[in-house]
>>> print(open('target-v5.txt').read())   # compact mmCIF, C-alpha atoms
# COMPACT_ATOMS: atom_id res chain seq x y z
CA MET A 1 2.45 29.94 -0.75
CA GLU A 2 2.17 31.86 2.45
CA LEU A 3 1.78 30.76 5.99
CA THR A 4 -1.62 31.66 7.31
CA PRO A 5 -1.85 32.34 11.02
CA CYS A 6 -3.95 29.70 12.71
CA GLY A 7 -3.97 30.94 16.28
CA ALA A 8 -7.65 30.19 16.71
CA MET A 9 -7.12 26.52 16.03
CA ARG A 10 -7.33 24.19 18.96
CA LYS A 11 -4.72 21.51 19.22
CA PRO A 12 -6.04 18.78 16.95
CA ARG A 13 -6.86 15.39 18.33
CA TRP A 14 -4.42 12.65 17.54
CA HIS A 15 -6.34 11.21 14.62
CA THR A 16 -6.46 14.38 12.59
CA PHE A 17 -3.52 15.50 10.60
CA ALA A 18 -2.85 19.12 11.35
CA GLY A 19 -3.11 21.57 8.51
CA LYS A 20 0.43 22.31 7.66
CA MET A 21 1.93 23.43 4.46
CA PRO A 22 3.65 20.48 2.88
CA GLY A 23 7.29 20.50 3.71
CA LEU A 24 6.97 23.45 6.01
CA MET A 25 7.59 23.00 9.73
CA THR A 26 9.48 19.80 9.12
CA GLN A 27 13.20 19.75 8.86
CA SER A 28 14.61 18.45 5.70
CA PHE A 29 14.95 14.70 5.84
CA SER A 30 16.40 12.51 3.20
CA PHE A 31 15.31 9.02 2.29
CA ASP A 32 17.42 6.46 0.54
CA ALA A 33 16.44 3.40 -1.47
CA THR A 34 16.40 1.19 1.64
CA ASP A 35 13.90 3.50 3.36
CA LEU A 36 11.68 3.52 0.29
CA ASN A 37 11.82 -0.27 -0.01
CA ILE A 38 10.80 -0.66 3.63
CA VAL A 39 7.91 1.77 3.12
CA GLU A 40 6.80 -0.21 0.09
CA GLN A 41 6.71 -3.41 2.15
CA LEU A 42 4.77 -1.63 4.91
CA ARG A 43 2.24 -0.38 2.37
CA LEU A 44 1.63 -3.96 1.28
CA ASN A 45 1.27 -5.13 4.86
CA GLY A 46 1.63 -2.65 7.69
CA ARG A 47 1.70 -5.48 10.20
CA ALA A 48 4.47 -7.50 8.63
CA ASN A 49 7.07 -7.97 11.35
CA ASN A 50 10.62 -6.67 11.06
CA GLN A 51 11.99 -10.14 10.35
CA GLN A 52 9.61 -10.67 7.39
CA ILE A 53 10.50 -7.29 5.92
CA ALA A 54 14.20 -7.94 6.49
CA GLU A 55 14.06 -11.29 4.69
CA LYS A 56 12.27 -9.84 1.69
CA LEU A 57 14.79 -7.04 1.31
CA GLY A 58 17.96 -8.86 2.34
CA LEU A 59 18.47 -6.71 5.44
CA THR A 60 18.70 -7.46 9.14
CA ALA A 61 15.68 -7.03 11.40
CA THR A 62 17.65 -4.46 13.39
CA THR A 63 18.20 -2.31 10.31
CA VAL A 64 14.49 -2.48 9.49
CA SER A 65 13.58 -1.52 13.04
CA THR A 66 16.07 1.37 13.12
CA ARG A 67 14.97 2.73 9.76
CA ILE A 68 11.27 2.63 10.66
CA LYS A 69 11.94 4.42 13.93
CA ARG A 70 14.06 7.06 12.21
CA MET A 71 11.32 7.86 9.68
CA GLU A 72 8.66 7.90 12.38
CA ASP A 73 10.73 10.20 14.58
CA ALA A 74 11.18 12.58 11.66
CA ASN A 75 7.37 12.66 11.28
CA GLN A 76 7.64 11.30 7.78
CA LEU A 77 6.08 7.89 8.39
CA ARG A 78 3.12 6.47 10.27
CA VAL A 79 2.13 2.86 10.00
CA VAL A 80 -1.53 2.78 10.88
CA ALA A 81 -4.79 0.93 10.56
CA VAL A 82 -7.05 2.77 8.15
CA SER A 83 -10.67 2.06 8.91
CA ASP A 84 -13.57 2.09 6.53
CA PHE A 85 -16.21 4.81 6.87
CA SER A 86 -18.75 2.07 7.51
CA ALA A 87 -16.74 0.78 10.50
CA HIS A 88 -17.64 4.07 12.17
CA GLY A 89 -21.26 3.84 11.04
CA PHE A 90 -20.86 6.65 8.54
CA ASN A 91 -23.23 5.80 5.71
CA VAL A 92 -23.63 9.27 4.23
CA LEU A 93 -20.70 11.08 2.69
CA LEU A 94 -21.02 14.58 1.33
CA ARG A 95 -18.57 16.71 -0.49
CA ILE A 96 -19.51 20.34 0.11
CA SER A 97 -18.07 23.28 -1.80
CA VAL A 98 -18.27 26.47 0.21
CA GLU A 99 -18.29 30.12 -0.86
CA ILE A 100 -17.12 32.60 1.73
CA ASP A 101 -18.16 36.21 2.06
CA GLY A 102 -16.80 38.94 4.31
CA ARG A 103 -14.34 36.85 6.28
CA PRO A 104 -10.95 35.33 5.58
CA ALA A 105 -11.46 31.84 4.17
CA SER A 106 -8.87 30.40 6.55
CA ASP A 107 -10.81 31.65 9.60
CA VAL A 108 -13.95 29.93 8.36
CA ALA A 109 -11.96 26.81 7.41
CA HIS A 110 -10.56 26.52 10.92
CA GLU A 111 -14.04 26.74 12.42
CA LEU A 112 -15.32 24.11 10.00
CA ALA A 113 -12.38 21.88 10.95
CA GLU A 114 -13.58 21.93 14.55
CA LEU A 115 -16.82 20.18 13.62
CA PRO A 116 -16.63 16.43 14.27
CA GLU A 117 -18.69 15.60 11.17
CA VAL A 118 -16.13 17.31 8.94
CA PHE A 119 -13.21 15.03 8.23
CA ALA A 120 -11.41 17.03 5.58
CA VAL A 121 -11.18 20.76 4.93
CA HIS A 122 -9.14 22.30 2.15
CA ILE A 123 -8.79 25.90 0.99
CA VAL A 124 -8.99 25.64 -2.76
CA THR A 125 -8.57 27.64 -5.95
CA GLY A 126 -11.39 28.02 -8.43
CA ARG A 127 -15.08 28.79 -8.19
CA TYR A 128 -15.35 28.00 -4.49
CA ASP A 129 -13.18 28.91 -1.53
CA ILE A 130 -13.34 25.83 0.64
CA ASP A 131 -13.86 22.17 -0.13
CA MET A 132 -14.87 19.87 2.67
CA LEU A 133 -15.80 16.24 3.15
CA VAL A 134 -18.50 15.46 5.66
CA ALA A 135 -19.40 12.05 7.10
CA LEU A 136 -22.81 11.47 8.68
CA HIS A 137 -24.47 8.39 10.10
CA ASP A 138 -27.63 8.97 8.09
CA PHE A 139 -29.57 11.72 6.36
CA GLU A 140 -31.40 12.62 9.56
CA ASP A 141 -28.08 13.95 10.89
CA LEU A 142 -28.06 16.48 8.07
CA ALA A 143 -30.61 18.78 9.74
CA HIS A 144 -28.52 18.92 12.90
CA PHE A 145 -25.34 19.49 10.92
CA LEU A 146 -26.84 22.31 8.85
CA LEU A 147 -29.06 24.00 11.43
CA ASP A 148 -27.03 23.58 14.60
CA ARG A 149 -23.44 23.35 13.41
CA LEU A 150 -22.98 25.28 10.17
CA SER A 151 -25.45 28.01 11.11
CA GLY A 152 -23.13 29.00 13.95
CA ILE A 153 -20.29 29.84 11.58
CA HIS A 154 -20.26 33.33 10.10
CA GLY A 155 -19.08 34.13 6.63
CA ILE A 156 -20.57 31.21 4.72
CA ARG A 157 -22.23 32.58 1.62
CA SER A 158 -23.26 29.35 -0.06
CA LEU A 159 -22.98 25.59 0.30
CA THR A 160 -22.96 23.42 -2.79
CA PRO A 161 -23.27 19.78 -1.81
CA ALA A 162 -22.60 16.65 -3.77
CA ILE A 163 -23.83 13.36 -2.36
CA VAL A 164 -21.26 10.62 -2.67
CA VAL A 165 -23.11 7.63 -4.09
CA ASP A 166 -20.17 5.35 -4.83
CA ILE A 167 -16.42 5.28 -4.33
CA CYS A 168 -14.48 3.55 -7.10
CA SER A 169 -11.07 4.07 -5.66
CA TYR A 170 -9.72 5.71 -2.56
CA GLN A 171 -6.03 5.41 -2.01
CA PHE A 172 -4.29 8.12 -0.05
CA ASP A 173 -0.95 7.12 1.30
CA VAL A 174 0.59 10.57 1.39
CA ALA A 175 -0.66 13.11 3.90
CA PRO A 176 0.54 15.87 6.16
CA ILE A 177 1.80 14.17 9.32
CA GLU A 178 1.64 15.83 12.70
CA ALA A 179 4.04 15.11 15.50
CA LYS A 180 3.11 12.40 17.96
CA GLU A 181 1.69 13.75 21.15
CA MET B 1 -26.62 -1.83 3.55
CA ALA B 2 -25.85 -4.90 5.63
CA LEU B 3 -22.97 -4.00 7.87
CA PRO B 4 -20.84 -6.37 9.85
CA GLN B 5 -21.38 -5.92 13.57
CA ILE B 6 -18.84 -3.86 15.44
CA ASP B 7 -18.76 -3.98 19.21
CA THR B 8 -16.92 -1.93 21.82
CA LEU B 9 -13.89 -4.21 21.77
CA ASP B 10 -13.60 -3.78 17.98
CA GLU B 11 -13.80 -0.03 18.42
CA GLN B 12 -11.03 -0.07 21.01
CA LEU B 13 -8.91 -2.26 18.76
CA ILE B 14 -9.41 0.05 15.77
CA ASP B 15 -8.61 3.02 17.95
CA MET B 16 -5.31 1.51 19.14
CA LEU B 17 -4.26 0.27 15.72
CA SER B 18 -5.08 3.55 14.02
CA ARG B 19 -2.53 5.28 16.24
CA ASP B 20 0.15 2.71 15.58
CA ALA B 21 -0.37 -0.46 13.61
CA ARG B 22 2.95 -1.93 14.71
CA VAL B 23 1.95 -2.71 18.25
CA SER B 24 2.16 -6.39 19.25
CA ASN B 25 -0.91 -8.52 19.92
CA ARG B 26 0.48 -9.11 23.39
CA LYS B 27 0.53 -5.41 24.18
CA ILE B 28 -2.97 -4.87 22.77
CA ALA B 29 -4.25 -7.85 24.76
CA ALA B 30 -2.72 -6.53 27.96
CA GLU B 31 -4.12 -3.06 27.45
CA LEU B 32 -7.63 -4.22 26.57
CA GLY B 33 -7.73 -7.04 29.10
CA VAL B 34 -8.36 -9.86 26.62
CA THR B 35 -6.31 -12.81 25.38
CA GLU B 36 -3.84 -12.64 22.51
CA GLY B 37 -5.98 -15.18 20.67
CA THR B 38 -8.96 -12.83 20.85
CA VAL B 39 -6.88 -9.94 19.51
CA ARG B 40 -5.55 -12.11 16.66
CA GLY B 41 -9.05 -13.32 15.76
CA ARG B 42 -10.60 -9.86 15.90
CA ILE B 43 -7.93 -8.26 13.72
CA LYS B 44 -8.31 -11.02 11.16
CA ARG B 45 -12.08 -10.63 11.07
CA LEU B 46 -11.95 -6.84 10.76
CA GLN B 47 -9.54 -7.21 7.84
CA GLN B 48 -11.62 -9.89 6.15
CA ASP B 49 -14.77 -7.77 6.47
CA GLY B 50 -12.96 -4.88 4.78
CA LEU B 51 -13.33 -2.66 7.83
CA ILE B 52 -9.65 -2.04 8.41
CA ALA B 53 -6.49 -2.21 6.34
CA PHE B 54 -2.94 -1.64 7.46
CA THR B 55 -0.82 0.77 5.54
CA ALA B 56 2.04 3.20 5.68
CA ILE B 57 1.34 6.90 5.38
CA THR B 58 4.27 9.05 4.42
CA GLY B 59 4.80 12.78 4.78
CA PHE B 60 5.07 15.09 1.84
CA GLU B 61 8.85 15.18 1.91
CA MET B 62 8.97 11.55 1.01
CA GLY B 63 7.73 12.11 -2.48
CA LYS B 64 7.25 15.05 -4.71
CA ARG B 65 3.53 14.71 -5.23
CA ALA B 66 2.63 17.31 -2.68
CA ARG B 67 -0.43 19.10 -4.07
CA LEU B 68 -3.92 17.77 -3.74
CA ALA B 69 -6.11 18.61 -6.72
CA PHE B 70 -9.79 18.03 -7.33
CA ILE B 71 -10.97 17.25 -10.82
CA ASN B 72 -14.72 17.75 -11.14
CA VAL B 73 -16.23 15.91 -14.04
CA GLN B 74 -19.55 16.13 -15.82
CA ALA B 75 -20.24 12.90 -17.67
CA ASP B 76 -23.24 11.32 -19.40
CA VAL B 77 -25.48 9.90 -16.69
CA ASP B 78 -25.76 6.57 -18.49
CA LYS B 79 -21.98 6.28 -18.70
CA VAL B 80 -21.03 7.46 -15.21
CA ARG B 81 -19.90 4.10 -13.90
CA ASP B 82 -17.78 3.34 -16.98
CA VAL B 83 -16.23 6.80 -16.95
CA ALA B 84 -15.46 6.56 -13.22
CA ARG B 85 -13.83 3.17 -13.75
CA ALA B 86 -11.80 4.54 -16.66
CA ILE B 87 -10.61 7.45 -14.50
CA ALA B 88 -9.68 5.10 -11.66
CA ASP B 89 -7.76 2.97 -14.15
CA LEU B 90 -5.61 5.94 -15.17
CA GLY B 91 -3.50 5.15 -12.14
CA ALA B 92 -2.53 8.77 -11.60
CA VAL B 93 -5.68 9.42 -9.57
CA ASN B 94 -5.92 8.68 -5.85
CA ALA B 95 -9.68 8.73 -5.38
CA VAL B 96 -12.72 8.58 -7.63
CA LEU B 97 -16.11 9.40 -6.16
CA ILE B 98 -19.39 9.14 -8.02
CA THR B 99 -21.59 11.94 -6.78
CA MET B 100 -25.02 13.46 -7.25
CA GLY B 101 -24.72 17.19 -7.59
CA GLN B 102 -23.36 19.77 -9.95
CA PHE B 103 -20.80 17.24 -11.15
CA ASN B 104 -21.24 13.52 -11.22
CA ILE B 105 -17.65 12.43 -10.67
CA THR B 106 -14.97 13.87 -8.43
CA ALA B 107 -11.44 12.65 -8.94
CA MET B 108 -8.75 13.57 -6.44
CA CYS B 109 -5.10 13.34 -7.19
CA LEU B 110 -1.76 14.34 -5.79
CA VAL B 111 0.43 16.20 -8.23
CA ASP B 112 3.78 17.88 -8.02
CA GLU B 113 3.21 20.50 -10.67
CA LEU B 114 0.45 22.08 -12.74
CA ASP B 115 1.59 20.36 -15.92
CA ALA B 116 0.78 17.00 -14.38
CA LEU B 117 -2.72 18.17 -13.47
CA VAL B 118 -3.36 19.52 -16.95
CA GLU B 119 -2.22 16.22 -18.42
CA ILE B 120 -4.57 14.20 -16.22
CA ALA B 121 -7.58 16.52 -16.46
CA SER B 122 -7.44 17.97 -19.94
CA ASP B 123 -5.52 15.36 -21.89
CA LYS B 124 -6.69 12.13 -20.29
CA ILE B 125 -10.02 12.58 -18.49
CA LEU B 126 -11.56 15.03 -20.95
CA THR B 127 -10.97 12.62 -23.82
CA ILE B 128 -12.74 9.68 -22.15
CA ASN B 129 -15.91 8.78 -24.01
CA GLY B 130 -18.92 10.28 -22.20
CA VAL B 131 -17.08 13.14 -20.50
CA HIS B 132 -18.43 16.62 -21.32
CA HIS B 133 -16.77 19.01 -18.98
CA VAL B 134 -13.89 19.07 -16.54
CA GLU B 135 -13.09 21.64 -13.86
CA THR B 136 -10.03 21.60 -11.67
CA SER B 137 -9.39 23.09 -8.28
CA ILE B 138 -6.22 22.91 -6.24
CA ALA B 139 -6.03 22.62 -2.48
CA VAL B 140 -3.67 25.44 -1.53
CA LYS B 141 -3.93 24.69 2.15
CA THR B 142 -5.19 21.67 4.02
CA ILE B 143 -6.73 22.61 7.34
CA LYS B 144 -7.89 19.17 8.36
CA TYR B 145 -7.45 15.75 6.91
CA ASN B 146 -8.17 12.48 8.60
CA ALA B 147 -6.13 9.95 6.66
CA ARG B 148 -7.05 7.15 9.04
CA MET B 149 -10.58 6.95 7.76
CA ALA B 150 -11.14 5.91 4.18
CA LYS B 151 -13.02 3.69 1.84
CA ILE B 152 -11.33 0.31 1.77
CA THR B 153 -11.64 -0.92 -1.77
CA ARG B 154 -8.68 -3.17 -2.25
CA PRO B 155 -8.70 -6.80 -1.21
CA VAL B 156 -6.83 -7.66 1.96
CA GLU B 157 -3.89 -9.95 2.07
CA ILE B 158 -3.52 -11.58 5.42
CA GLU B 159 -0.19 -12.95 6.48
CA ASP B 160 0.10 -14.98 9.59
CA ALA B 161 3.34 -13.85 11.18
CA GLU B 162 2.84 -11.52 14.08
CA ILE B 163 4.64 -8.46 15.29
CA ALA B 164 6.68 -9.34 18.35
CA ASP B 165 7.28 -7.02 21.28
CA GLU B 166 10.87 -6.35 20.32
CA ASP B 167 9.73 -5.23 16.86
>>> encode(input="target-v5.txt", output="structure tokens")
Amino acid sequence: MELTPCGAMRKPRWHTFAGKMPGLMTQSFSFDATDLNIVEQLRLNGRANNQQIAEKLGLTATTVSTRIKRMEDANQLRVVAVSDFSAHGFNVLLRISVEIDGRPASDVAHELAELPEVFAVHIVTGRYDIDMLVALHDFEDLAHFLLDRLSGIHGIRSLTPAIVVDICSYQFDVAPIEAKE
Amino acid sequence: MALPQIDTLDEQLIDMLSRDARVSNRKIAAELGVTEGTVRGRIKRLQQDGLIAFTAITGFEMGKRARLAFINVQADVDKVRDVARAIADLGAVNAVLITMGQFNITAMCLVDELDALVEIASDKILTINGVHHVETSIAVKTIKYNARMAKITRPVEIEDAEIADED
């Protein structure tokens, strides 16, 4: 793994996780069984209060509070509301595999990441160079996305889309976490 | 698709809670200029409608499963739903999308080493009845990922106790 310079990248807005190499840029932080138990309770119900969590685990509310704060401060935990795509009116989801030509893939990836319709961008191994997930309100937005947004980015050789027709499971509880602003 | 109605207040609520879910109803109410009862009712409704869920997201140091991998699957069209369900039931996979395109199922998983990916893709998924072809691709670098937006598929459990200010 190497660190790719990302000088061209604007500071991401709060709701995007910055593209960081896992483990890099964060100082080593160790978790014990108590931390992991608290996280497990928070995964079940992120809005359980400290007292409820404390009672379930046989701890004091103060310990729970301190532990949560410590993990949050180390940028290793965020307790958040995850909202459904439909809550934002996104009814069309596309997974687009991108082939790059004549430009570093990371340069193109950073430009793609700037587009509001793109909610995930990964540089990948295999047949394609970049994998991205795009959320649109409806298919009419596709023309704008393709002709006004993607056409402004140089180095895209091909776009291979897949229309997401159903989601059977979607459970991501591990992600790169950026520092709080 | 019949969607539950979302108004500006819901949007503001979602926005606040997606930054930090452990903020008290009192604080939300004060910030948005509504009553605590309204906040409580709105949160409950958004959860019941499957529009929001509260969870804990941990950084990569927390666990070892640090690599995101895509497993692209070609399966018999008449068995797609069953195959997708079978893949989701493997447990080792974080997301299963049924797609129309070059592949008809995309599975995403977090793995800590290549062996684990080979086991899921080549040993487990490839042997599911109806699967013809499997291709894997590993995310070597994530440039953008919005973990606060997702497909909420699991049922919500609503507990009544509320987060207090001192929490």
>>> closest_residue(input="target-v5.txt", among="B:Ile143, B:Val96, B:Ile105, B:Ala30", to="His110 in chain A", atoms="only C-alpha atoms")
B:Ile143
>>> closest_residue(input="target-v5.txt", among="B:Thr127, B:Thr35, B:Asn94, B:Thr8", to="Lys151 in chain B", atoms="all atoms listed in the file")
B:Asn94
>>> closest_residue(input="target-v5.txt", among="A:Ile38, A:Val124, A:Ile53, A:Leu147", to="Ser97 in chain A", atoms="only C-alpha atoms")
A:Val124
>>> residues_around(input="target-v5.txt", residues="His88 in chain A", least_positions_apart="5", cutoff="12 Å", atoms="only C-alpha atoms", output="PyMOL selection string")
(chain A and resi 82-83+117+135-138) or (chain B and resi 3-8+10-12+14-15+51-52+148-151)
>>> atom_distance(input="target-v5.txt", atom1="CA of Thr125 in chain A", atom2="CA of Ser137 in chain B")
5.2 Å
>>> decode(input="target-v5.txt", residues="range 89-111 of chain A", atoms="N, CA and C atoms", output="PDB file, in the first residue's frame")
ATOM      1  N   GLY A  89     -34.870  10.746  -0.989  1.00  0.00           N
ATOM      2  CA  GLY A  89     -35.503  10.775  -2.306  1.00  0.00           C
ATOM      3  C   GLY A  89     -34.672  10.132  -3.396  1.00  0.00           C
ATOM      4  N   PHE A  90     -33.687   9.337  -3.001  1.00  0.00           N
ATOM      5  CA  PHE A  90     -32.877   8.664  -4.016  1.00  0.00           C
ATOM      6  C   PHE A  90     -33.527   7.328  -4.373  1.00  0.00           C
ATOM      7  N   ASN A  91     -34.100   7.272  -5.548  1.00  0.00           N
ATOM      8  CA  ASN A  91     -34.804   6.057  -5.955  1.00  0.00           C
ATOM      9  C   ASN A  91     -34.035   5.254  -6.981  1.00  0.00           C
ATOM     10  N   VAL A  92     -32.953   5.841  -7.506  1.00  0.00           N
ATOM     11  CA  VAL A  92     -32.145   5.134  -8.496  1.00  0.00           C
ATOM     12  C   VAL A  92     -30.722   4.998  -7.956  1.00  0.00           C
ATOM     13  N   LEU A  93     -30.278   3.782  -7.855  1.00  0.00           N
ATOM     14  CA  LEU A  93     -28.904   3.525  -7.429  1.00  0.00           C
ATOM     15  C   LEU A  93     -28.167   2.823  -8.556  1.00  0.00           C
ATOM     16  N   LEU A  94     -26.988   3.329  -8.855  1.00  0.00           N
ATOM     17  CA  LEU A  94     -26.183   2.719  -9.903  1.00  0.00           C
ATOM     18  C   LEU A  94     -24.814   2.387  -9.353  1.00  0.00           C
ATOM     19  N   ARG A  95     -24.325   1.240  -9.749  1.00  0.00           N
ATOM     20  CA  ARG A  95     -22.939   0.933  -9.457  1.00  0.00           C
ATOM     21  C   ARG A  95     -22.233   1.076 -10.803  1.00  0.00           C
ATOM     22  N   ILE A  96     -21.228   1.909 -10.871  1.00  0.00           N
ATOM     23  CA  ILE A  96     -20.557   2.152 -12.149  1.00  0.00           C
ATOM     24  C   ILE A  96     -19.081   1.789 -12.044  1.00  0.00           C
ATOM     25  N   SER A  97     -18.660   0.886 -12.928  1.00  0.00           N
ATOM     26  CA  SER A  97     -17.252   0.508 -12.990  1.00  0.00           C
ATOM     27  C   SER A  97     -16.596   1.369 -14.058  1.00  0.00           C
ATOM     28  N   VAL A  98     -15.472   1.962 -13.713  1.00  0.00           N
ATOM     29  CA  VAL A  98     -14.854   2.963 -14.586  1.00  0.00           C
ATOM     30  C   VAL A  98     -13.471   2.509 -15.022  1.00  0.00           C
ATOM     31  N   GLU A  99     -13.202   2.658 -16.333  1.00  0.00           N
ATOM     32  CA  GLU A  99     -11.851   2.424 -16.848  1.00  0.00           C
ATOM     33  C   GLU A  99     -11.211   3.776 -17.107  1.00  0.00           C
ATOM     34  N   ILE A 100      -9.978   3.914 -16.709  1.00  0.00           N
ATOM     35  CA  ILE A 100      -9.266   5.183 -16.836  1.00  0.00           C
ATOM     36  C   ILE A 100      -8.196   5.053 -17.918  1.00  0.00           C
ATOM     37  N   ASP A 101      -7.975   6.143 -18.617  1.00  0.00           N
ATOM     38  CA  ASP A 101      -6.944   6.135 -19.649  1.00  0.00           C
ATOM     39  C   ASP A 101      -6.175   7.462 -19.619  1.00  0.00           C
ATOM     40  N   GLY A 102      -4.874   7.380 -19.532  1.00  0.00           N
ATOM     41  CA  GLY A 102      -4.036   8.566 -19.686  1.00  0.00           C
ATOM     42  C   GLY A 102      -3.959   9.503 -18.494  1.00  0.00           C
ATOM     43  N   ARG A 103      -4.477   9.082 -17.378  1.00  0.00           N
ATOM     44  CA  ARG A 103      -4.410   9.918 -16.170  1.00  0.00           C
ATOM     45  C   ARG A 103      -4.299   8.998 -14.967  1.00  0.00           C
ATOM     46  N   PRO A 104      -3.660   9.458 -13.896  1.00  0.00           N
ATOM     47  CA  PRO A 104      -3.646   8.603 -12.701  1.00  0.00           C
ATOM     48  C   PRO A 104      -5.071   8.375 -12.188  1.00  0.00           C
ATOM     49  N   ALA A 105      -5.368   7.131 -11.859  1.00  0.00           N
ATOM     50  CA  ALA A 105      -6.720   6.785 -11.403  1.00  0.00           C
ATOM     51  C   ALA A 105      -7.111   7.593 -10.176  1.00  0.00           C
ATOM     52  N   SER A 106      -6.132   7.886  -9.293  1.00  0.00           N
ATOM     53  CA  SER A 106      -6.505   8.604  -8.071  1.00  0.00           C
ATOM     54  C   SER A 106      -6.913  10.046  -8.366  1.00  0.00           C
ATOM     55  N   ASP A 107      -6.326  10.659  -9.423  1.00  0.00           N
ATOM     56  CA  ASP A 107      -6.749  12.018  -9.798  1.00  0.00           C
ATOM     57  C   ASP A 107      -8.212  12.009 -10.240  1.00  0.00           C
ATOM     58  N   VAL A 108      -8.536  11.021 -11.092  1.00  0.00           N
ATOM     59  CA  VAL A 108      -9.907  10.933 -11.580  1.00  0.00           C
ATOM     60  C   VAL A 108     -10.850  10.624 -10.412  1.00  0.00           C
ATOM     61  N   ALA A 109     -10.418   9.720  -9.537  1.00  0.00           N
ATOM     62  CA  ALA A 109     -11.256   9.323  -8.394  1.00  0.00           C
ATOM     63  C   ALA A 109     -11.572  10.521  -7.505  1.00  0.00           C
ATOM     64  N   HIS A 110     -10.595  11.387  -7.300  1.00  0.00           N
ATOM     65  CA  HIS A 110     -10.848  12.563  -6.467  1.00  0.00           C
ATOM     66  C   HIS A 110     -11.833  13.520  -7.120  1.00  0.00           C
ATOM     67  N   GLU A 111     -11.768  13.624  -8.445  1.00  0.00           N
ATOM     68  CA  GLU A 111     -12.744  14.483  -9.130  1.00  0.00           C
ATOM     69  C   GLU A 111     -14.135  13.874  -9.065  1.00  0.00           C
TER      70      GLU A 111
END
